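Here is protein.pdb, consisting of PDB, C-alpha atoms, pLDDT in the B column:
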```pdb
ATOM      1  CA  MET F  96      -2.164  27.249 -14.903  1.00 52.00           C
ATOM      2  CA  SER F  97       0.007  30.193 -13.947  1.00 61.00           C
ATOM      3  CA  GLU F  98      -1.544  31.037 -10.580  1.00 82.00           C
ATOM      4  CA  GLU F  99      -1.224  28.918  -7.466  1.00 87.00           C
ATOM      5  CA  ARG F 100      -4.225  26.715  -6.693  1.00 89.00           C
ATOM      6  CA  LEU F 101      -5.295  25.570  -3.253  1.00 91.00           C
ATOM      7  CA  ILE F 102      -7.359  22.521  -2.338  1.00 93.00           C
ATOM      8  CA  VAL F 103      -8.356  22.083   1.291  1.00 92.00           C
ATOM      9  CA  LEU F 104      -9.059  18.520   2.369  1.00 92.00           C
ATOM     10  CA  ARG F 105     -11.386  17.492   5.172  1.00 91.00           C
ATOM     11  CA  PRO F 106      -9.811  14.155   6.060  1.00 89.00           C
ATOM     12  CA  LYS F 107     -11.702  11.491   7.935  1.00 90.00           C
ATOM     13  CA  ARG F 108      -9.810   8.461   9.177  1.00 90.00           C
ATOM     14  CA  GLU F 109     -12.552   6.106   7.949  1.00 90.00           C
ATOM     15  CA  ASP F 110     -12.166   7.329   4.346  1.00 89.00           C
ATOM     16  CA  PHE F 111      -8.444   6.597   4.396  1.00 89.00           C
ATOM     17  CA  GLU F 112      -8.867   3.247   6.207  1.00 90.00           C
ATOM     18  CA  LYS F 113     -11.404   2.047   3.660  1.00 90.00           C
ATOM     19  CA  ILE F 114      -8.920   2.594   0.847  1.00 89.00           C
ATOM     20  CA  TYR F 115      -5.728   1.497   2.624  1.00 88.00           C
ATOM     21  CA  PHE F 116      -7.163  -1.652   4.186  1.00 88.00           C
ATOM     22  CA  GLY F 117      -9.662  -2.591   1.459  1.00 84.00           C
ATOM     23  CA  SER F 118      -9.187  -5.915  -0.388  1.00 81.00           C
ATOM     24  CA  ASN F 119      -7.467  -7.520   2.621  1.00 84.00           C
ATOM     25  CA  GLN F 120      -4.377  -5.311   2.220  1.00 86.00           C
ATOM     26  CA  GLY F 121      -3.862  -5.192   5.976  1.00 85.00           C
ATOM     27  CA  SER F 122      -4.303  -8.931   6.519  1.00 90.00           C
ATOM     28  CA  LEU F 123      -1.086 -10.599   7.614  1.00 92.00           C
ATOM     29  CA  PHE F 124      -1.784 -13.945   5.925  1.00 94.00           C
ATOM     30  CA  PHE F 125      -4.156 -13.048   3.081  1.00 93.00           C
ATOM     31  CA  SER F 126      -3.016  -9.655   1.819  1.00 92.00           C
ATOM     32  CA  PRO F 127      -2.098  -9.491  -1.877  1.00 92.00           C
ATOM     33  CA  THR F 128       1.564  -9.708  -0.806  1.00 91.00           C
ATOM     34  CA  THR F 129       1.240 -12.792   1.410  1.00 95.00           C
ATOM     35  CA  LYS F 130      -1.739 -14.741   0.055  1.00 95.00           C
ATOM     36  CA  GLY F 131       0.223 -16.871  -2.442  1.00 96.00           C
ATOM     37  CA  LYS F 132       2.968 -17.610   0.057  1.00 97.00           C
ATOM     38  CA  THR F 133       0.397 -18.583   2.718  1.00 97.00           C
ATOM     39  CA  ILE F 134      -1.381 -20.996   0.372  1.00 97.00           C
ATOM     40  CA  THR F 135       1.925 -22.495  -0.808  1.00 97.00           C
ATOM     41  CA  THR F 136       3.087 -22.983   2.787  1.00 97.00           C
ATOM     42  CA  ILE F 137      -0.199 -24.694   3.710  1.00 97.00           C
ATOM     43  CA  VAL F 138       0.014 -27.020   0.694  1.00 98.00           C
ATOM     44  CA  VAL F 139       3.647 -27.936   1.438  1.00 97.00           C
ATOM     45  CA  ALA F 140       2.751 -28.481   5.125  1.00 97.00           C
ATOM     46  CA  ALA F 141      -0.056 -30.849   4.086  1.00 97.00           C
ATOM     47  CA  ILE F 142       2.327 -32.762   1.794  1.00 95.00           C
ATOM     48  CA  LEU F 143       4.892 -32.919   4.618  1.00 94.00           C
ATOM     49  CA  LEU F 144       2.240 -34.275   6.977  1.00 95.00           C
ATOM     50  CA  ILE F 145       1.243 -36.976   4.479  1.00 93.00           C
ATOM     51  CA  VAL F 146       4.866 -37.934   3.840  1.00 90.00           C
ATOM     52  CA  PHE F 147       5.527 -38.014   7.588  1.00 89.00           C
ATOM     53  CA  VAL F 148       2.531 -40.283   8.236  1.00 90.00           C
ATOM     54  CA  PHE F 149       3.663 -42.733   5.535  1.00 86.00           C
ATOM     55  CA  ARG F 150       7.402 -42.500   6.294  1.00 84.00           C
ATOM     56  CA  ASN F 151       7.566 -46.138   7.457  1.00 83.00           C
ATOM     57  CA  ASP F 152       6.407 -47.336   4.023  1.00 82.00           C
ATOM     58  CA  PHE F 153       9.445 -45.790   2.287  1.00 76.00           C
ATOM     59  CA  THR F 154      12.508 -47.776   1.393  1.00 77.00           C
ATOM     60  CA  LYS F 155      15.900 -46.431   2.424  1.00 75.00           C
ATOM     61  CA  GLU F 156      16.366 -44.970  -1.082  1.00 76.00           C
ATOM     62  CA  LYS F 157      13.150 -42.958  -0.791  1.00 78.00           C
ATOM     63  CA  ALA F 158      13.779 -41.666   2.743  1.00 79.00           C
ATOM     64  CA  GLY F 159      15.303 -38.487   1.265  1.00 87.00           C
ATOM     65  CA  ILE F 160      11.815 -37.372   0.203  1.00 89.00           C
ATOM     66  CA  LEU F 161      10.966 -36.558   3.818  1.00 90.00           C
ATOM     67  CA  TYR F 162      14.086 -34.401   4.163  1.00 91.00           C
ATOM     68  CA  PHE F 163      13.435 -32.669   0.848  1.00 93.00           C
ATOM     69  CA  VAL F 164       9.795 -31.827   1.693  1.00 95.00           C
ATOM     70  CA  SER F 165      10.901 -30.660   5.164  1.00 95.00           C
ATOM     71  CA  PHE F 166      13.414 -28.340   3.503  1.00 96.00           C
ATOM     72  CA  LEU F 167      10.708 -27.001   1.145  1.00 97.00           C
ATOM     73  CA  PHE F 168       8.407 -26.356   4.094  1.00 97.00           C
ATOM     74  CA  LEU F 169      11.150 -24.492   5.947  1.00 97.00           C
ATOM     75  CA  LEU F 170      11.891 -22.420   2.853  1.00 98.00           C
ATOM     76  CA  CYS F 171       8.204 -21.551   2.377  1.00 97.00           C
ATOM     77  CA  ALA F 172       7.867 -20.629   6.055  1.00 97.00           C
ATOM     78  CA  VAL F 173      10.869 -18.280   5.846  1.00 98.00           C
ATOM     79  CA  PHE F 174       9.514 -16.520   2.727  1.00 97.00           C
ATOM     80  CA  LEU F 175       6.087 -16.243   4.357  1.00 97.00           C
ATOM     81  CA  SER F 176       7.543 -14.738   7.537  1.00 97.00           C
ATOM     82  CA  VAL F 177       9.494 -12.143   5.508  1.00 97.00           C
ATOM     83  CA  SER F 178       6.291 -11.140   3.685  1.00 96.00           C
ATOM     84  CA  ILE F 179       4.321 -10.993   6.934  1.00 96.00           C
ATOM     85  CA  ASN F 180       7.025  -8.733   8.369  1.00 96.00           C
ATOM     86  CA  LYS F 181       6.705  -6.376   5.361  1.00 95.00           C
ATOM     87  CA  VAL F 182       2.916  -6.200   5.744  1.00 94.00           C
ATOM     88  CA  SER F 183       3.267  -5.650   9.477  1.00 95.00           C
ATOM     89  CA  ARG F 184       5.694  -2.741   8.975  1.00 95.00           C
ATOM     90  CA  TRP F 185       3.420  -1.259   6.295  1.00 92.00           C
ATOM     91  CA  ARG F 186       0.414  -1.481   8.655  1.00 94.00           C
ATOM     92  CA  LYS F 187       2.401   0.226  11.393  1.00 95.00           C
ATOM     93  CA  GLN F 188       3.351   3.092   9.036  1.00 92.00           C
ATOM     94  CA  VAL F 189      -0.229   3.447   7.786  1.00 91.00           C
ATOM     95  CA  ASN F 190      -1.607   3.499  11.337  1.00 92.00           C
ATOM     96  CA  ALA F 191       0.901   6.213  12.299  1.00 91.00           C
ATOM     97  CA  TYR F 192      -0.175   8.227   9.249  1.00 88.00           C
ATOM     98  CA  LEU F 193      -3.864   7.672  10.071  1.00 90.00           C
ATOM     99  CA  LEU F 194      -3.265   8.923  13.603  1.00 90.00           C
ATOM    100  CA  LYS F 195      -1.646  12.028  12.127  1.00 87.00           C
ATOM    101  CA  ILE F 196      -4.668  12.481   9.816  1.00 87.00           C
ATOM    102  CA  GLU F 197      -7.107  11.952  12.682  1.00 87.00           C
ATOM    103  CA  ASN F 198      -5.562  14.796  14.689  1.00 86.00           C
ATOM    104  CA  CYS F 199      -5.123  17.005  11.622  1.00 87.00           C
ATOM    105  CA  LYS F 200      -6.298  20.611  11.715  1.00 89.00           C
ATOM    106  CA  THR F 201      -4.803  21.700   8.367  1.00 90.00           C
ATOM    107  CA  TYR F 202      -4.576  19.462   5.302  1.00 92.00           C
ATOM    108  CA  GLU F 203      -4.129  21.296   2.051  1.00 93.00           C
ATOM    109  CA  ILE F 204      -2.667  20.848  -1.399  1.00 94.00           C
ATOM    110  CA  ARG F 205      -1.066  23.780  -3.212  1.00 93.00           C
ATOM    111  CA  PHE F 206       0.173  23.603  -6.763  1.00 92.00           C
ATOM    112  CA  ASP F 207       1.213  25.786  -9.666  1.00 90.00           C
ATOM    113  CA  GLU F 208       2.924  25.025 -12.955  1.00 88.00           C
ATOM    114  CA  ILE F 209       6.219  24.020 -11.273  1.00 88.00           C
ATOM    115  CA  PHE F 210       5.561  22.874  -7.693  1.00 91.00           C
ATOM    116  CA  PHE F 211       3.188  20.560  -5.824  1.00 91.00           C
ATOM    117  CA  THR F 212       3.023  21.033  -2.042  1.00 93.00           C
ATOM    118  CA  VAL F 213       1.138  19.043   0.589  1.00 92.00           C
ATOM    119  CA  ASN F 214       0.725  20.722   3.979  1.00 93.00           C
ATOM    120  CA  ILE F 215      -0.406  18.646   6.959  1.00 90.00           C
ATOM    121  CA  ASN F 216      -0.470  20.741  10.141  1.00 88.00           C
ATOM    122  CA  GLY F 217       2.424  22.904   8.933  1.00 87.00           C
ATOM    123  CA  ASP F 218       4.532  19.899   7.904  1.00 88.00           C
ATOM    124  CA  LYS F 219       5.087  20.746   4.212  1.00 91.00           C
ATOM    125  CA  GLU F 220       6.380  18.433   1.502  1.00 91.00           C
ATOM    126  CA  THR F 221       7.172  20.180  -1.775  1.00 91.00           C
ATOM    127  CA  SER F 222       7.938  18.416  -5.033  1.00 91.00           C
ATOM    128  CA  GLU F 223       8.425  19.488  -8.594  1.00 90.00           C
ATOM    129  CA  TRP F 224       6.076  17.927 -11.114  1.00 90.00           C
ATOM    130  CA  LYS F 225       9.012  16.112 -12.730  1.00 90.00           C
ATOM    131  CA  ASP F 226       9.582  14.253  -9.422  1.00 90.00           C
ATOM    132  CA  PHE F 227       6.393  12.242  -9.915  1.00 90.00           C
ATOM    133  CA  GLN F 228       6.456   9.089 -12.035  1.00 90.00           C
ATOM    134  CA  TYR F 229       2.941   7.727 -11.647  1.00 88.00           C
ATOM    135  CA  PHE F 230      -0.604   8.954 -11.218  1.00 89.00           C
ATOM    136  CA  ASP F 231      -3.873   7.020 -11.073  1.00 91.00           C
ATOM    137  CA  SER F 232      -7.432   7.881 -10.168  1.00 89.00           C
ATOM    138  CA  ASN F 233     -10.668   5.985  -9.698  1.00 90.00           C
ATOM    139  CA  GLN F 234     -14.048   6.554  -8.093  1.00 89.00           C
ATOM    140  CA  GLU F 235     -12.564   6.433  -4.575  1.00 91.00           C
ATOM    141  CA  CYS F 236      -9.207   8.181  -4.648  1.00 92.00           C
ATOM    142  CA  ILE F 237      -6.245   9.697  -6.463  1.00 93.00           C
ATOM    143  CA  VAL F 238      -2.817   8.075  -6.072  1.00 92.00           C
ATOM    144  CA  ILE F 239       0.457   9.838  -6.888  1.00 92.00           C
ATOM    145  CA  GLU F 240       3.883   8.204  -6.681  1.00 92.00           C
ATOM    146  CA  GLY F 241       7.298   9.780  -6.918  1.00 88.00           C
ATOM    147  CA  LYS F 242       9.690  11.540  -4.541  1.00 85.00           C
ATOM    148  CA  TYR F 243       6.766  11.459  -2.108  1.00 87.00           C
ATOM    149  CA  SER F 244       3.739   9.226  -2.542  1.00 87.00           C
ATOM    150  CA  TYR F 245       0.207  10.349  -1.783  1.00 89.00           C
ATOM    151  CA  MET F 246      -3.320   9.021  -1.707  1.00 91.00           C
ATOM    152  CA  PHE F 247      -6.192  11.497  -1.583  1.00 92.00           C
ATOM    153  CA  PRO F 248      -9.707  10.098  -1.005  1.00 93.00           C
ATOM    154  CA  LYS F 249     -12.441  11.638  -3.116  1.00 93.00           C
ATOM    155  CA  LYS F 250     -14.633  11.967  -0.003  1.00 93.00           C
ATOM    156  CA  SER F 251     -12.096  14.308   1.599  1.00 92.00           C
ATOM    157  CA  MET F 252     -12.640  17.094  -0.940  1.00 93.00           C
ATOM    158  CA  THR F 253     -15.382  18.633  -3.007  1.00 93.00           C
ATOM    159  CA  ASP F 254     -16.207  17.093  -6.366  1.00 92.00           C
ATOM    160  CA  LYS F 255     -15.035  20.289  -8.094  1.00 94.00           C
ATOM    161  CA  ASP F 256     -11.653  20.115  -6.302  1.00 93.00           C
ATOM    162  CA  TYR F 257     -11.340  16.397  -7.081  1.00 93.00           C
ATOM    163  CA  GLN F 258     -11.892  17.003 -10.806  1.00 92.00           C
ATOM    164  CA  LEU F 259      -9.458  19.960 -10.778  1.00 92.00           C
ATOM    165  CA  LEU F 260      -6.758  17.882  -9.080  1.00 92.00           C
ATOM    166  CA  LYS F 261      -7.350  14.939 -11.404  1.00 91.00           C
ATOM    167  CA  ARG F 262      -7.168  17.126 -14.526  1.00 90.00           C
ATOM    168  CA  THR F 263      -4.045  18.951 -13.274  1.00 90.00           C
ATOM    169  CA  LEU F 264      -2.262  15.691 -12.452  1.00 90.00           C
ATOM    170  CA  LYS F 265      -3.136  14.234 -15.850  1.00 89.00           C
ATOM    171  CA  GLU F 266      -1.651  17.291 -17.562  1.00 87.00           C
ATOM    172  CA  SER F 267       1.430  17.616 -15.321  1.00 86.00           C
ATOM    173  CA  ILE F 268       2.608  14.036 -14.810  1.00 84.00           C
ATOM    174  CA  GLN F 269       4.057  12.232 -17.799  1.00 68.00           C
ATOM    175  CA  SER F 270       3.294   8.551 -17.291  1.00 52.00           C
TER     176      SER F 270
END
```
Render the structure in this file as structure tokens.
Amino acid sequence: MSEERLIVLRPKREDFEKIYFGSNQGSLFFSPTTKGKTITTIVVAAILLIVFVFRNDFTKEKAGILYFVSFLFLLCAVFLSVSINKVSRWRKQVNAYLLKIENCKTYEIRFDEIFFTVNINGDKETSEWKDFQYFDSNQECIVIEGKYSYMFPKKSMTDKDYQLLKRTLKESIQS
């Protein structure tokens, strides 16, 4: 691969949304990041409610259980709110990117044996192949992570371009 290759993408917001927000990734309470914390918080809240209802049946020695479960609930709620904040910030960044894609006139990928460049409306990001640490592909998209991270939906390019990009990434990125 000595010459520079060019792949022109025809991005559609729906193609990107389907991948970014699939599997509840954009859900504040049930995304992969927050689902476990949400369930744990609900379980601890239910236990706290039960302990609170039966608090009069406790002896003075067992009254500390209510305080302990209250502390656990507070701890779970704090961890859940931190995770919800992360998902919320991620959604905001993705929506800003999707808006950029929606108004995009030029979206192209250029690469040769040394450099990989993504151009979105004249805003170019150039990386060397060694800057990438991870590459994955499936039937819907190609994901690249490194200095810059990218996700390219298969629907945004021709099948020939998709296979070329996939083959080039496999050869150029040492996982």
- Message: the PyMOL selection byres ((chain F and resi 216) around 8) - which residues does that actually catch in the file I just gave you? List them as a PyMOL selection string.
- Response: chain F and resi 199-202+214-215+217-218
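Counting from CA of Leu161 in chain F, the distance to CA of Val146 in chain F is 6.3 Å.
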- Report the distance between CA of Asn180 in chain F and CA of Phe124 in chain F in Å, rounded to one decimal place. 10.5 Å
- Message: For Lys107 in chain F, find every residue with an atom within 8 Å (counting all atoms listed in the file), except residues of its own chain fewer than 6 positions away, and show them as a PyMOL selection string.
- Response: chain F and resi 196-197+251
Keeping only C-alpha atoms, take the residues you just selected and write them out as a PDB file, keeping the file's coordinate frame.
```
ATOM      1  CA  ILE F 196      -4.668  12.481   9.816  1.00 87.00           C
ATOM      2  CA  GLU F 197      -7.107  11.952  12.682  1.00 87.00           C
ATOM      3  CA  SER F 251     -12.096  14.308   1.599  1.00 92.00           C
TER       4      SER F 251
END
```
Picked residues, the PyMOL selection byres ((chain F and resi 171-179) around 8), as a PDB file with C-alpha atoms, in the coordinates of the input:
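Contents of selection.pdb, as written:
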```pdb
ATOM      1  CA  LEU F 123      -1.086 -10.599   7.614  1.00 92.00           C
ATOM      2  CA  PHE F 124      -1.784 -13.945   5.925  1.00 94.00           C
ATOM      3  CA  THR F 128       1.564  -9.708  -0.806  1.00 91.00           C
ATOM      4  CA  THR F 129       1.240 -12.792   1.410  1.00 95.00           C
ATOM      5  CA  LYS F 132       2.968 -17.610   0.057  1.00 97.00           C
ATOM      6  CA  THR F 133       0.397 -18.583   2.718  1.00 97.00           C
ATOM      7  CA  THR F 135       1.925 -22.495  -0.808  1.00 97.00           C
ATOM      8  CA  THR F 136       3.087 -22.983   2.787  1.00 97.00           C
ATOM      9  CA  VAL F 139       3.647 -27.936   1.438  1.00 97.00           C
ATOM     10  CA  LEU F 167      10.708 -27.001   1.145  1.00 97.00           C
ATOM     11  CA  PHE F 168       8.407 -26.356   4.094  1.00 97.00           C
ATOM     12  CA  LEU F 169      11.150 -24.492   5.947  1.00 97.00           C
ATOM     13  CA  LEU F 170      11.891 -22.420   2.853  1.00 98.00           C
ATOM     14  CA  ASN F 180       7.025  -8.733   8.369  1.00 96.00           C
ATOM     15  CA  LYS F 181       6.705  -6.376   5.361  1.00 95.00           C
ATOM     16  CA  VAL F 182       2.916  -6.200   5.744  1.00 94.00           C
ATOM     17  CA  SER F 183       3.267  -5.650   9.477  1.00 95.00           C
TER      18      SER F 183
END
```
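The gap separating CA of Phe230 in chain F from CA of Phe125 in chain F is 26.5 Å, in Å to one decimal.
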- Which one of F:Phe206, F:Ile137, F:Ser222, F:Tyr229 sits closest to Ile102 in chain F if you count only C-alpha atoms? F:Phe206
- Message: I'd like to see the residues matched by the PyMOL selection byres ((chain F and resi 210) around 12) on this file, and ideally I'd get them as a PyMOL selection string.
- Response: chain F and resi 96-100+204-209+211-213+220-227+263-264+267-268
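Here the question is which of F:Leu193, F:Val103, F:Ala158, F:Ile145 gets nearest to Tyr257 in chain F using all atoms listed in the file, and that residue is F:Val103.
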